[in-house]
file protein.tsv (TSV, C-alpha atoms)
chain	number	residue	atom	x	y	z
A	719	MET	CA	-7.67	20.24	3.42
A	720	SER	CA	-4.82	18.27	4.90
A	721	PHE	CA	-3.45	14.74	4.82
A	722	SER	CA	-3.97	14.22	8.57
A	723	ASN	CA	-7.64	15.31	8.37
A	724	GLY	CA	-8.14	12.98	5.42
A	725	ILE	CA	-6.74	9.89	7.12
A	726	LEU	CA	-8.55	10.74	10.39
A	727	ASN	CA	-11.91	11.07	8.66
A	728	LEU	CA	-11.22	7.91	6.63
A	729	THR	CA	-10.61	6.00	9.88
A	730	ASN	CA	-13.78	7.39	11.47
A	731	TRP	CA	-15.80	6.57	8.36
A	732	VAL	CA	-14.52	3.00	8.18
A	733	GLY	CA	-14.95	2.39	11.93
A	734	ASN	CA	-18.30	4.08	12.52
A	735	VAL	CA	-20.11	3.69	9.20
A	736	ILE	CA	-18.72	0.84	7.11
A	737	LEU	CA	-17.87	-1.75	9.79
A	738	PRO	CA	-21.33	-1.67	11.49
A	739	THR	CA	-22.87	-2.11	8.03
A	740	LEU	CA	-20.55	-4.99	7.20
A	741	ALA	CA	-21.49	-6.60	10.54
A	742	GLY	CA	-24.91	-7.41	9.09
A	743	LEU	CA	-23.29	-8.99	6.03
A	744	PHE	CA	-21.01	-11.12	8.20
A	745	PHE	CA	-23.98	-12.36	10.24
A	746	VAL	CA	-25.71	-13.32	6.98
A	747	ILE	CA	-22.60	-15.21	5.88
A	748	ALA	CA	-22.43	-16.92	9.30
A	749	VAL	CA	-26.05	-18.10	9.04
A	750	VAL	CA	-25.59	-19.38	5.47
A	751	ARG	CA	-22.38	-21.21	6.35
A	752	PHE	CA	-24.01	-22.69	9.48
A	753	SER	CA	-26.90	-24.00	7.39
A	754	ARG	CA	-24.44	-25.80	5.12
A	755	GLY	CA	-22.45	-27.26	8.00
A	756	LEU	CA	-19.39	-25.09	7.21
A	757	ALA	CA	-17.19	-23.19	9.68
A	758	HIS	CA	-19.27	-20.14	10.60
A	759	TYR	CA	-17.44	-18.92	13.73
A	760	PRO	CA	-15.08	-16.40	12.01
A	761	SER	CA	-18.01	-14.65	10.32
A	762	MET	CA	-20.12	-14.66	13.49
A	763	TYR	CA	-17.39	-13.32	15.77
A	764	GLY	CA	-16.27	-11.00	12.95
A	765	GLY	CA	-19.75	-9.50	12.93
A	766	PHE	CA	-19.53	-8.80	16.65
A	767	LEU	CA	-16.02	-7.36	16.27
A	768	CYS	CA	-17.25	-5.05	13.48
A	769	LEU	CA	-19.76	-3.58	15.93
A	770	MET	CA	-17.01	-3.13	18.52
A	771	GLY	CA	-14.37	-1.56	16.23
A	772	SER	CA	-14.08	1.78	18.03
A	773	GLY	CA	-14.02	0.07	21.42
A	774	LEU	CA	-11.20	-2.23	20.33
A	775	VAL	CA	-9.14	0.76	19.14
A	776	ARG	CA	-9.73	2.44	22.53
A	777	ALA	CA	-8.65	-0.82	24.22
A	778	LEU	CA	-5.38	-0.92	22.26
A	779	GLU	CA	-4.79	2.76	23.07
A	780	THR	CA	-5.29	1.97	26.77
A	781	PHE	CA	-2.82	-0.93	26.53
A	782	THR	CA	-0.16	1.37	25.07
A	783	ARG	CA	-0.62	3.98	27.81
A	784	GLN	CA	0.68	1.73	30.60
A	785	ARG	CA	4.06	3.48	30.29
A	786	SER	CA	5.14	6.91	29.09
A	787	TRP	CA	5.37	7.47	25.33
A	788	ASN	CA	9.18	7.41	25.26
A	789	ASP	CA	9.69	4.40	27.53
A	790	PRO	CA	11.71	1.68	25.72
A	791	ASP	CA	9.47	-0.99	27.30
A	792	VAL	CA	6.19	0.50	26.16
A	793	TYR	CA	5.69	-2.01	23.30
A	794	TRP	CA	6.57	-5.01	25.46
A	795	VAL	CA	4.26	-3.83	28.27
A	796	SER	CA	1.50	-3.23	25.72
A	797	LEU	CA	1.88	-6.78	24.41
A	798	VAL	CA	1.90	-8.18	27.96
A	799	THR	CA	-1.27	-6.23	28.75
A	800	LEU	CA	-2.91	-7.51	25.55
A	801	VAL	CA	-2.01	-11.11	26.41
A	802	ASN	CA	-3.24	-10.65	30.00
A	803	TRP	CA	-6.49	-9.17	28.78
A	804	ILE	CA	-7.11	-12.01	26.33
A	805	ALA	CA	-6.10	-14.75	28.80
A	806	ASN	CA	-7.77	-13.34	31.94
A	807	VAL	CA	-10.82	-11.52	30.60
A	808	ILE	CA	-11.77	-12.94	27.21
A	809	MET	CA	-10.91	-16.62	27.78
A	810	PRO	CA	-13.01	-17.02	31.00
A	811	LEU	CA	-15.95	-15.55	29.07
A	812	TYR	CA	-15.27	-18.01	26.28
A	813	ALA	CA	-15.12	-20.78	28.88
A	814	ALA	CA	-18.63	-19.86	30.03
A	815	LEU	CA	-19.78	-20.02	26.43
A	816	GLU	CA	-18.20	-23.44	25.98
A	817	VAL	CA	-19.85	-24.71	29.20
A	818	ALA	CA	-23.23	-23.53	27.91
A	819	ALA	CA	-22.57	-25.16	24.53
A	820	GLY	CA	-21.44	-28.40	26.22
A	821	GLY	CA	-24.52	-28.48	28.45
A	822	LEU	CA	-26.84	-27.89	25.49
A	823	SER	CA	-25.04	-30.53	23.45
A	824	LEU	CA	-25.20	-33.02	26.33
A	825	ALA	CA	-28.89	-32.39	27.03
A	826	SER	CA	-30.19	-32.34	23.47
A	827	GLY	CA	-27.64	-34.41	21.57
A	828	MET	CA	-27.27	-31.53	19.09
A	829	ARG	CA	-23.77	-30.54	17.96
A	830	ILE	CA	-23.32	-26.77	18.45
A	831	HIS	CA	-20.20	-26.93	16.32
A	832	HIS	CA	-20.14	-29.57	13.62
A	833	THR	CA	-16.75	-30.89	14.72
A	834	SER	CA	-17.34	-30.83	18.49
A	835	ASN	CA	-19.17	-33.14	20.84
A	836	TRP	CA	-20.04	-32.24	24.44
A	837	GLN	CA	-16.79	-33.64	25.88
A	838	ARG	CA	-14.73	-31.33	23.67
A	839	HIS	CA	-16.80	-28.31	24.82
A	840	PHE	CA	-16.25	-29.09	28.51
A	841	LEU	CA	-12.55	-29.82	27.95
A	842	SER	CA	-12.20	-26.51	26.07
A	843	ALA	CA	-13.88	-24.66	28.94
A	844	GLY	CA	-11.48	-26.24	31.44
A	845	LEU	CA	-8.45	-25.37	29.32
A	846	CYS	CA	-9.66	-21.77	28.95
A	847	LEU	CA	-9.77	-21.42	32.74
A	848	LEU	CA	-6.44	-23.19	33.19
A	849	LEU	CA	-4.39	-21.09	30.78
A	850	SER	CA	-2.22	-19.39	33.41
A	851	GLY	CA	-1.68	-22.71	35.19
A	852	LEU	CA	-0.71	-24.45	31.94
A	853	LEU	CA	1.81	-21.68	31.21
A	854	ARG	CA	3.30	-21.99	34.71
A	855	LEU	CA	3.46	-25.79	34.26
A	856	ALA	CA	5.31	-25.42	30.94
A	857	GLU	CA	7.71	-22.92	32.56
A	858	TYR	CA	8.29	-25.38	35.43
A	859	PHE	CA	9.10	-28.23	33.00
A	860	VAL	CA	11.51	-26.04	31.04
A	861	ALA	CA	13.17	-24.66	34.18
A	862	HIS	CA	13.71	-28.19	35.56
A	863	GLY	CA	14.89	-29.51	32.22
A	864	THR	CA	17.84	-27.18	31.88
A	865	GLY	CA	20.14	-29.77	33.51
A	866	GLY	CA	19.49	-32.22	30.69
A	867	VAL	CA	18.73	-35.94	30.96
A	868	SER	CA	20.74	-37.65	33.70
B	1001	MET	CA	35.87	41.12	-7.67
B	1002	GLN	CA	32.26	42.19	-8.03
B	1003	THR	CA	29.80	39.42	-8.99
B	1004	PRO	CA	28.22	40.25	-12.36
B	1005	GLN	CA	24.66	41.51	-11.97
B	1006	LEU	CA	23.33	38.86	-14.39
B	1007	LEU	CA	24.69	36.05	-12.22
B	1008	THR	CA	23.25	37.62	-9.06
B	1009	ASP	CA	19.90	38.00	-10.80
B	1010	MET	CA	19.92	34.36	-11.93
B	1011	ALA	CA	20.82	33.21	-8.43
B	1012	ASN	CA	18.00	35.35	-7.03
B	1013	VAL	CA	15.58	33.85	-9.54
B	1014	MET	CA	16.55	30.36	-8.43
B	1015	MET	CA	16.19	31.30	-4.77
B	1016	LEU	CA	12.78	32.82	-5.39
B	1017	LEU	CA	11.73	29.74	-7.34
B	1018	ALA	CA	12.69	27.40	-4.48
B	1019	PRO	CA	9.19	27.50	-2.86
B	1020	SER	CA	7.63	26.63	-6.24
B	1021	ALA	CA	10.11	23.78	-6.65
B	1022	ALA	CA	9.16	22.56	-3.17
B	1023	LEU	CA	5.46	22.58	-4.09
B	1024	LEU	CA	6.25	20.70	-7.30
B	1025	CYS	CA	8.21	18.12	-5.28
B	1026	LEU	CA	5.23	17.68	-2.93
B	1027	VAL	CA	2.91	17.01	-5.89
B	1028	LEU	CA	5.39	14.47	-7.25
B	1029	ALA	CA	5.65	12.92	-3.76
B	1030	GLY	CA	1.87	12.56	-3.75
B	1031	THR	CA	1.84	10.76	-7.09
B	1032	SER	CA	4.71	8.53	-5.90
B	1033	LEU	CA	2.71	7.61	-2.78
B	1034	ARG	CA	0.45	5.57	-5.08
B	1035	ARG	CA	3.25	3.01	-5.23
B	1036	VAL	CA	4.03	3.23	-1.51
B	1037	ASN	CA	7.80	3.02	-1.37
B	1038	PHE	CA	9.32	4.27	1.86
B	1039	ALA	CA	12.79	2.92	1.05
B	1040	MET	CA	15.53	5.55	1.11
B	1041	GLY	CA	15.80	6.71	-2.48
B	1042	GLY	CA	12.28	5.49	-3.20
B	1043	GLY	CA	9.91	7.86	-4.95
B	1044	PHE	CA	7.94	9.30	-2.03
B	1045	THR	CA	10.88	9.70	0.35
B	1046	LYS	CA	13.05	11.20	-2.38
B	1047	TRP	CA	10.54	13.89	-3.34
B	1048	MET	CA	9.74	14.72	0.31
B	1049	PHE	CA	13.46	15.10	0.95
B	1050	TRP	CA	13.85	17.45	-2.00
B	1051	ALA	CA	10.82	19.47	-0.90
B	1052	VAL	CA	12.43	19.96	2.51
B	1053	ILE	CA	15.74	20.94	0.88
B	1054	PHE	CA	14.05	23.59	-1.30
B	1055	VAL	CA	12.16	25.05	1.67
B	1056	THR	CA	15.31	25.19	3.81
B	1057	LEU	CA	17.70	26.34	1.05
B	1058	PRO	CA	18.52	29.74	2.67
B	1059	GLY	CA	19.46	27.92	5.90
B	1060	LEU	CA	21.71	25.57	3.94
B	1061	LEU	CA	23.54	28.54	2.41
B	1062	THR	CA	24.06	29.91	5.93
B	1063	TRP	CA	25.83	26.64	6.75
B	1064	PHE	CA	28.25	27.20	3.86
B	1065	GLY	CA	28.85	30.77	5.06
B	1066	ASN	CA	29.59	29.56	8.61
B	1067	SER	CA	32.07	27.05	7.17
B	1068	GLY	CA	34.13	29.87	5.64
B	1069	VAL	CA	32.84	29.56	2.08
B	1070	SER	CA	32.08	32.98	0.61
B	1071	VAL	CA	28.41	33.13	-0.31
B	1072	PRO	CA	27.10	36.31	-1.97
B	1073	SER	CA	23.99	37.76	-0.34
B	1074	LEU	CA	21.00	36.45	-2.21
B	1075	GLY	CA	17.27	36.92	-2.00
B	1076	GLY	CA	17.14	40.55	-3.11
B	1077	GLY	CA	15.24	42.04	-6.01
B	1078	ILE	CA	15.86	41.12	-9.64
B	1079	SER	CA	17.07	44.02	-11.73
B	1080	SER	CA	16.47	42.34	-15.10
B	1081	SER	CA	12.80	42.78	-16.02
B	1082	TRP	CA	12.88	39.68	-18.26
B	1083	LEU	CA	14.18	37.45	-15.46
B	1084	SER	CA	11.76	39.04	-13.01
B	1085	SER	CA	8.76	38.31	-15.25
B	1086	PHE	CA	10.13	34.78	-15.91
B	1087	GLU	CA	10.23	34.13	-12.14
B	1088	THR	CA	6.74	35.60	-11.63
B	1089	ASN	CA	5.27	33.57	-14.48
B	1090	LEU	CA	6.88	30.32	-13.36
B	1091	SER	CA	5.77	30.81	-9.73
B	1092	GLY	CA	2.26	31.62	-10.94
B	1093	PHE	CA	2.24	28.53	-13.15
B	1094	VAL	CA	3.18	26.25	-10.24
B	1095	GLN	CA	0.76	27.94	-7.81
B	1096	ASN	CA	-2.24	28.47	-10.07
B	1097	PHE	CA	-1.95	25.56	-12.50
B	1098	VAL	CA	-0.03	22.72	-10.81
B	1099	VAL	CA	-1.10	23.11	-7.15
B	1100	ALA	CA	-4.53	24.72	-7.48
B	1101	ARG	CA	-5.80	22.67	-10.42
B	1102	MET	CA	-3.60	19.76	-11.53
B	1103	ALA	CA	-3.15	18.41	-7.98
B	1104	LEU	CA	-6.96	18.34	-7.60
B	1105	VAL	CA	-7.36	16.49	-10.90
B	1106	LEU	CA	-4.63	14.02	-9.93
B	1107	ALA	CA	-6.34	13.48	-6.54
B	1108	ALA	CA	-9.63	12.81	-8.32
B	1109	PHE	CA	-7.86	10.31	-10.56
B	1110	MET	CA	-6.38	8.60	-7.49
B	1111	GLY	CA	-9.93	8.27	-6.08
B	1112	LEU	CA	-10.98	6.53	-9.28
B	1113	ARG	CA	-7.78	4.48	-9.22
B	1114	ALA	CA	-8.71	3.24	-5.72
B	1115	ILE	CA	-11.91	1.73	-7.12
B	1116	LEU	CA	-9.99	0.12	-9.99
B	1117	ASP	CA	-7.45	-1.23	-7.49
B	1118	VAL	CA	-10.25	-3.05	-5.66
B	1119	ALA	CA	-11.53	-4.39	-8.97
B	1120	GLU	CA	-8.05	-5.79	-9.62
B	1121	GLY	CA	-8.01	-7.45	-6.21
B	1122	GLU	CA	-5.54	-5.00	-4.65
B	1123	SER	CA	-5.84	-2.73	-1.63
B	1124	PRO	CA	-7.30	0.72	-2.38
B	1125	LEU	CA	-5.39	2.28	0.52
B	1126	PRO	CA	-2.27	3.51	-1.41
B	1127	SER	CA	-4.44	5.35	-3.94
B	1128	VAL	CA	-6.67	6.82	-1.21
B	1129	LEU	CA	-3.63	8.01	0.76
B	1130	ALA	CA	-2.13	9.51	-2.41
B	1131	ALA	CA	-5.40	11.37	-3.02
B	1132	PHE	CA	-5.36	12.76	0.53
B	1133	PHE	CA	-1.73	13.83	0.14
B	1134	LEU	CA	-2.41	15.60	-3.17
B	1135	LEU	CA	-5.45	17.37	-1.70
B	1136	GLY	CA	-3.32	18.55	1.22
B	1137	VAL	CA	-0.21	19.67	-0.70
B	1138	GLN	CA	-0.62	23.33	0.28
B	1139	THR	CA	-1.22	22.44	3.95
B	1140	THR	CA	1.81	20.14	3.97
B	1141	TYR	CA	3.92	22.94	2.47
B	1142	THR	CA	2.72	25.35	5.19
B	1143	LEU	CA	3.52	22.69	7.81
B	1144	ILE	CA	7.08	22.30	6.50
B	1145	GLN	CA	7.48	26.09	6.50
B	1146	GLN	CA	6.36	26.22	10.15
B	1147	TYR	CA	8.97	23.62	11.06
B	1148	ASN	CA	11.71	25.57	9.24
B	1149	THR	CA	14.01	27.02	11.91
B	1150	GLY	CA	16.01	29.00	9.32
B	1151	THR	CA	19.29	27.94	10.88
B	1152	GLN	CA	22.16	26.03	9.28
B	1153	TYR	CA	20.59	22.83	10.65
B	1154	ALA	CA	17.17	23.62	9.21
B	1155	ILE	CA	17.05	20.50	7.01
B	1156	SER	CA	17.57	18.09	9.90
B	1157	ASP	CA	15.27	20.19	12.13
B	1158	VAL	CA	12.45	19.98	9.58
B	1159	LEU	CA	13.01	16.25	8.98
B	1160	ALA	CA	13.00	15.58	12.74
B	1161	SER	CA	9.80	17.61	13.18
B	1162	LEU	CA	8.17	15.73	10.29
B	1163	TRP	CA	9.16	12.44	11.96
B	1164	THR	CA	7.57	13.58	15.22
B	1165	TYR	CA	4.44	14.66	13.33
B	1166	LEU	CA	4.31	11.27	11.61
B	1167	ALA	CA	4.82	9.35	14.86
B	1168	SER	CA	2.44	11.37	17.02
B	1169	VAL	CA	-0.37	12.40	14.64
B	1170	ILE	CA	-0.51	10.13	11.58
B	1171	MET	CA	0.56	6.77	13.04
B	1172	PRO	CA	-2.00	6.61	15.92
B	1173	THR	CA	-4.72	7.23	13.34
B	1174	ALA	CA	-3.23	4.57	11.08
B	1175	ALA	CA	-3.35	2.19	14.06
B	1176	GLY	CA	-7.14	2.54	14.05
B	1177	LEU	CA	-7.19	1.60	10.36
B	1178	GLY	CA	-4.96	-1.39	11.20
B	1179	VAL	CA	-7.43	-2.63	13.83
B	1180	PHE	CA	-10.35	-2.31	11.42
B	1181	ALA	CA	-8.39	-4.17	8.74
B	1182	ALA	CA	-7.61	-6.91	11.27
B	1183	ILE	CA	-11.32	-7.25	12.09
B	1184	ILE	CA	-12.25	-7.62	8.42
B	1185	LYS	CA	-9.45	-10.14	7.84
B	1186	PHE	CA	-10.57	-12.15	10.89
B	1187	ALA	CA	-14.18	-12.16	9.73
B	1188	LEU	CA	-13.06	-13.43	6.32
B	1189	GLY	CA	-11.08	-16.21	7.98
B	1190	LYS	CA	-7.65	-14.76	7.08
B	1191	PRO	CA	-4.67	-14.30	9.45
B	1192	ALA	CA	-5.18	-11.09	11.45
B	1193	MET	CA	-2.70	-11.23	14.35
B	1194	ARG	CA	0.02	-9.55	12.27
B	1195	LEU	CA	-2.16	-6.45	11.88
B	1196	VAL	CA	-2.95	-6.40	15.63
B	1197	GLY	CA	0.80	-6.42	16.39
B	1198	VAL	CA	1.39	-3.70	13.80
B	1199	SER	CA	-1.42	-1.56	15.25
B	1200	LEU	CA	0.13	-1.83	18.71
B	1201	ALA	CA	3.50	-0.87	17.21
B	1202	LEU	CA	1.98	2.13	15.44
B	1203	LEU	CA	0.67	3.34	18.80
B	1204	CYS	CA	4.17	2.92	20.32
B	1205	VAL	CA	6.40	4.39	17.59
B	1206	SER	CA	8.21	6.78	19.96
B	1207	GLY	CA	8.67	4.00	22.52
B	1208	LEU	CA	10.11	1.68	19.87
B	1209	TRP	CA	12.52	4.44	18.82
B	1210	ALA	CA	13.58	4.79	22.48
B	1211	LEU	CA	14.00	0.99	22.58
B	1212	LEU	CA	16.29	1.07	19.52
B	1213	GLN	CA	18.33	3.85	21.13
B	1214	ALA	CA	18.57	1.87	24.38
B	1215	MET	CA	19.66	-1.25	22.47
B	1216	ALA	CA	22.37	0.66	20.62
B	1217	GLN	CA	23.93	1.97	23.84
call {"tool": "encode", "arguments": {"input": "protein.tsv", "output": "structure tokens"}}
result
Amino acid sequence: MSFSNGILNLTNWVGNVILPTLAGLFFVIAVVRFSRGLAHYPSMYGGFLCLMGSGLVRALETFTRQRSWNDPDVYWVSLVTLVNWIANVIMPLYAALEVAAGGLSLASGMRIHHTSNWQRHFLSAGLCLLLSGLLRLAEYFVAHGTGGVS
Amino acid sequence: MQTPQLLTDMANVMMLLAPSAALLCLVLAGTSLRRVNFAMGGGFTKWMFWAVIFVTLPGLLTWFGNSGVSVPSLGGGISSSWLSSFETNLSGFVQNFVVARMALVLAAFMGLRAILDVAEGESPLPSVLAAFFLLGVQTTYTLIQQYNTGTQYAISDVLASLWTYLASVIMPTAAGLGVFAAIIKFALGKPAMRLVGVSLALLCVSGLWALLQAMAQ
């Protein structure tokens, strides 16, 4: 018996046994909250994330392997990779989801999210795809504002 | 002037009891882990430090010898039968009672304590980690012994090796736990980004140490 074996097996147990079980519970919570018109997105996405726990750990491990283990920039590069992955992989997928939700909302008049109409869905999709451009625009404004107001 | 035999015997007893003292310190470190306190001078760190000192005591005495301080040769047999049986009994007590039995009972209590922690609305993790540590006291002691270089710098060598072990073996595993905790927090609608950042940092401990060194230059 050793401390390292204990914490390793605890991690495996939580990630491979408990989280997939909790995923079902989170989906139940999402459905119940949806039926009452409450915010159900955290529970729904949380359920999916519970099923992808091991994959997300592998993803973070991959992000931290961009540089050697003793490189001073390894944490910064890992953060940059994480931001790139969210902005360039996850957000376009989310944009597609928002387009689908906007189309459904427009066609049927049903609100997919209780606070959002179809215009908000389409605008969200556009913003998701424009993230890099918006960042560059903000950088441009800041860079050209360094001289102050003249 | 010849050192009196009684004093040499007592010094030998203390040297022979050092491993038992180290094991005792590890058990106390395990119980202190329940109230996770990694501050210098805090319970866990203090007892781990003393455990390392007891394991590397012969190396420390070598350091005094190299500095010109006369140190009598220790570690031999004990001529007094009473002191010898005292040392044997005390070592046996620590090995057979404290480590083999009491540590197990304490670990079992920590398991129960973890459940009670949840009932009180606290995290069960400190109690679970303390239970793991108490269950692995003997393995941790063997690990520290393996890291012992036996030189005058043995204390710092062992501490550095323990740091490397922590950074390269324990922390990457803890990063996985951090990700899972972030997922649960997100699903419950609580802030989770802090745990994602911490998990990334736990995977980059050596890199962050290199960053600190680079900043200090």
call {"tool": "closest_atom_pairs", "arguments": {"input": "protein.tsv", "of": "chain B", "to": "chain A", "cutoff": "9 Å", "atoms": "all atoms listed in the file", "output": "JSON lines"}}
result
{"residue": "B:Val1128", "atom": "CA", "partner": "A:Ile725", "partner_atom": "CA", "distance": 8.9}
{"residue": "B:Leu1129", "atom": "CA", "partner": "A:Ile725", "partner_atom": "CA", "distance": 7.3}
{"residue": "B:Ala1131", "atom": "CA", "partner": "A:Phe721", "partner_atom": "CA", "distance": 8.8}
{"residue": "B:Phe1132", "atom": "CA", "partner": "A:Phe721", "partner_atom": "CA", "distance": 5.1}
{"residue": "B:Phe1133", "atom": "CA", "partner": "A:Phe721", "partner_atom": "CA", "distance": 5.1}
{"residue": "B:Leu1134", "atom": "CA", "partner": "A:Phe721", "partner_atom": "CA", "distance": 8.1}
{"residue": "B:Leu1135", "atom": "CA", "partner": "A:Met719", "partner_atom": "CA", "distance": 6.3}
{"residue": "B:Gly1136", "atom": "CA", "partner": "A:Ser720", "partner_atom": "CA", "distance": 4.0}
{"residue": "B:Val1137", "atom": "CA", "partner": "A:Ser720", "partner_atom": "CA", "distance": 7.4}
{"residue": "B:Gln1138", "atom": "CA", "partner": "A:Ser720", "partner_atom": "CA", "distance": 8.0}
{"residue": "B:Thr1139", "atom": "CA", "partner": "A:Ser720", "partner_atom": "CA", "distance": 5.6}
{"residue": "B:Thr1140", "atom": "CA", "partner": "A:Ser720", "partner_atom": "CA", "distance": 7.0}
{"residue": "B:Val1169", "atom": "CA", "partner": "A:Ser722", "partner_atom": "CA", "distance": 7.3}
{"residue": "B:Ile1170", "atom": "CA", "partner": "A:Ser722", "partner_atom": "CA", "distance": 6.1}
{"residue": "B:Pro1172", "atom": "CA", "partner": "A:Glu779", "partner_atom": "CA", "distance": 8.6}
{"residue": "B:Thr1173", "atom": "CA", "partner": "A:Leu726", "partner_atom": "CA", "distance": 6.0}
{"residue": "B:Ala1174", "atom": "CA", "partner": "A:Ile725", "partner_atom": "CA", "distance": 7.5}
{"residue": "B:Ala1175", "atom": "CA", "partner": "A:Val775", "partner_atom": "CA", "distance": 7.8}
{"residue": "B:Gly1176", "atom": "CA", "partner": "A:Val775", "partner_atom": "CA", "distance": 5.8}
{"residue": "B:Leu1177", "atom": "CA", "partner": "A:Thr729", "partner_atom": "CA", "distance": 5.6}
{"residue": "B:Val1179", "atom": "CA", "partner": "A:Val775", "partner_atom": "CA", "distance": 6.5}
{"residue": "B:Phe1180", "atom": "CA", "partner": "A:Gly771", "partner_atom": "CA", "distance": 6.3}
{"residue": "B:Ile1183", "atom": "CA", "partner": "A:Gly764", "partner_atom": "CA", "distance": 6.3}
{"residue": "B:Ile1184", "atom": "CA", "partner": "A:Gly764", "partner_atom": "CA", "distance": 6.9}
{"residue": "B:Lys1185", "atom": "CA", "partner": "A:Gly764", "partner_atom": "CA", "distance": 8.6}
{"residue": "B:Phe1186", "atom": "CA", "partner": "A:Gly764", "partner_atom": "CA", "distance": 6.2}
{"residue": "B:Ala1187", "atom": "CA", "partner": "A:Gly764", "partner_atom": "CA", "distance": 4.0}
{"residue": "B:Leu1188", "atom": "CA", "partner": "A:Ser761", "partner_atom": "CA", "distance": 6.5}
{"residue": "B:Gly1189", "atom": "CA", "partner": "A:Pro760", "partner_atom": "CA", "distance": 5.7}
{"residue": "B:Val1196", "atom": "CA", "partner": "A:Leu778", "partner_atom": "CA", "distance": 8.9}
{"residue": "B:Gly1197", "atom": "CA", "partner": "A:Leu797", "partner_atom": "CA", "distance": 8.1}
{"residue": "B:Ser1199", "atom": "CA", "partner": "A:Leu778", "partner_atom": "CA", "distance": 8.1}
{"residue": "B:Leu1200", "atom": "CA", "partner": "A:Leu778", "partner_atom": "CA", "distance": 6.6}
{"residue": "B:Ala1201", "atom": "CA", "partner": "A:Tyr793", "partner_atom": "CA", "distance": 6.6}
{"residue": "B:Leu1203", "atom": "CA", "partner": "A:Thr782", "partner_atom": "CA", "distance": 6.6}
{"residue": "B:Cys1204", "atom": "CA", "partner": "A:Tyr793", "partner_atom": "CA", "distance": 6.0}
{"residue": "B:Val1205", "atom": "CA", "partner": "A:Trp787", "partner_atom": "CA", "distance": 8.4}
{"residue": "B:Ser1206", "atom": "CA", "partner": "A:Asn788", "partner_atom": "CA", "distance": 5.4}
{"residue": "B:Gly1207", "atom": "CA", "partner": "A:Asn788", "partner_atom": "CA", "distance": 4.4}
{"residue": "B:Leu1208", "atom": "CA", "partner": "A:Pro790", "partner_atom": "CA", "distance": 6.1}
{"residue": "B:Trp1209", "atom": "CA", "partner": "A:Pro790", "partner_atom": "CA", "distance": 7.5}
{"residue": "B:Ala1210", "atom": "CA", "partner": "A:Pro790", "partner_atom": "CA", "distance": 4.9}
{"residue": "B:Leu1211", "atom": "CA", "partner": "A:Pro790", "partner_atom": "CA", "distance": 3.9}
{"residue": "B:Leu1212", "atom": "CA", "partner": "A:Pro790", "partner_atom": "CA", "distance": 7.7}
{"residue": "B:Gln1213", "atom": "CA", "partner": "A:Pro790", "partner_atom": "CA", "distance": 8.3}
{"residue": "B:Ala1214", "atom": "CA", "partner": "A:Pro790", "partner_atom": "CA", "distance": 7.0}
call {"tool": "residues_around", "arguments": {"input": "protein.tsv", "residues": "range 1141-1145 of chain B", "least_positions_apart": "6", "cutoff": "9 Å", "atoms": "only C-alpha atoms", "output": "number ranges by chain"}}
result
B: 1019, 1022-1023, 1026, 1051-1052, 1055-1056, 1158-1159, 1161-1162
call {"tool": "residues_around", "arguments": {"input": "protein.tsv", "residues": "Ala1154 in chain B", "least_positions_apart": "3", "cutoff": "10 Å", "atoms": "all atoms listed in the file", "output": "ChimeraX atom specification"}}
result
/B:1052-1053,1055-1060,1062-1063,1147-1151,1157-1160
call {"tool": "closest_residue", "arguments": {"input": "protein.tsv", "among": "A:Val795, A:Val801, A:Leu845, A:Gly863", "to": "Ala814 in chain A", "atoms": "all atoms listed in the file"}}
result
A:Leu845
call {"tool": "residues_around", "arguments": {"input": "protein.tsv", "residues": "Ser1084 in chain B", "least_positions_apart": "3", "cutoff": "12 Å", "atoms": "all atoms listed in the file", "output": "list in words"}}
result
Leu1006, Asp1009, Met1010, Ala1011, Asn1012, Val1013, Met1014, Leu1016, Leu1017, Gly1076, Gly1077, Ile1078, Ser1079, Ser1080, Ser1081, Glu1087, Thr1088, Asn1089, Leu1090 and Ser1091 of chain B
call {"tool": "write_last_selection", "arguments": {"input": "protein.tsv", "atoms": "C-alpha atoms", "output": "short mmCIF file (atom, residue, chain, number, x, y, z; two decimals), in the frame of the given file"}}
result
data_model
loop_
_atom_site.label_atom_id
_atom_site.label_comp_id
_atom_site.auth_asym_id
_atom_site.auth_seq_id
_atom_site.Cartn_x
_atom_site.Cartn_y
_atom_site.Cartn_z
CA LEU B 1006 23.33 38.86 -14.39
CA ASP B 1009 19.90 38.00 -10.80
CA MET B 1010 19.92 34.36 -11.93
CA ALA B 1011 20.82 33.21 -8.43
CA ASN B 1012 18.00 35.35 -7.03
CA VAL B 1013 15.58 33.85 -9.54
CA MET B 1014 16.55 30.36 -8.43
CA LEU B 1016 12.78 32.82 -5.39
CA LEU B 1017 11.73 29.74 -7.34
CA GLY B 1076 17.14 40.55 -3.11
CA GLY B 1077 15.24 42.04 -6.01
CA ILE B 1078 15.86 41.12 -9.64
CA SER B 1079 17.07 44.02 -11.73
CA SER B 1080 16.47 42.34 -15.10
CA SER B 1081 12.80 42.78 -16.02
CA GLU B 1087 10.23 34.13 -12.14
CA THR B 1088 6.74 35.60 -11.63
CA ASN B 1089 5.27 33.57 -14.48
CA LEU B 1090 6.88 30.32 -13.36
CA SER B 1091 5.77 30.81 -9.73
#
call {"tool": "atom_distance", "arguments": {"input": "protein.tsv", "atom1": "CA of Arg854 in chain A", "atom2": "CA of Leu811 in chain A"}}
result
21.1 Å
call {"tool": "atom_distance", "arguments": {"input": "protein.tsv", "atom1": "CA of Met809 in chain A", "atom2": "CA of Val735 in chain A"}}
result
29.0 Å
call {"tool": "residues_around", "arguments": {"input": "protein.tsv", "residues": "Leu849 in chain A", "least_positions_apart": "3", "cutoff": "12 Å", "atoms": "only C-alpha atoms", "output": "list in words"}}
result
Val801, Asn802, Ile804, Ala805, Asn806, Val807, Ile808, Met809, Pro810, Ala813, Ser842, Ala843, Gly844, Leu845, Cys846, Leu852, Leu853, Arg854, Leu855 and Ala856 of chain A
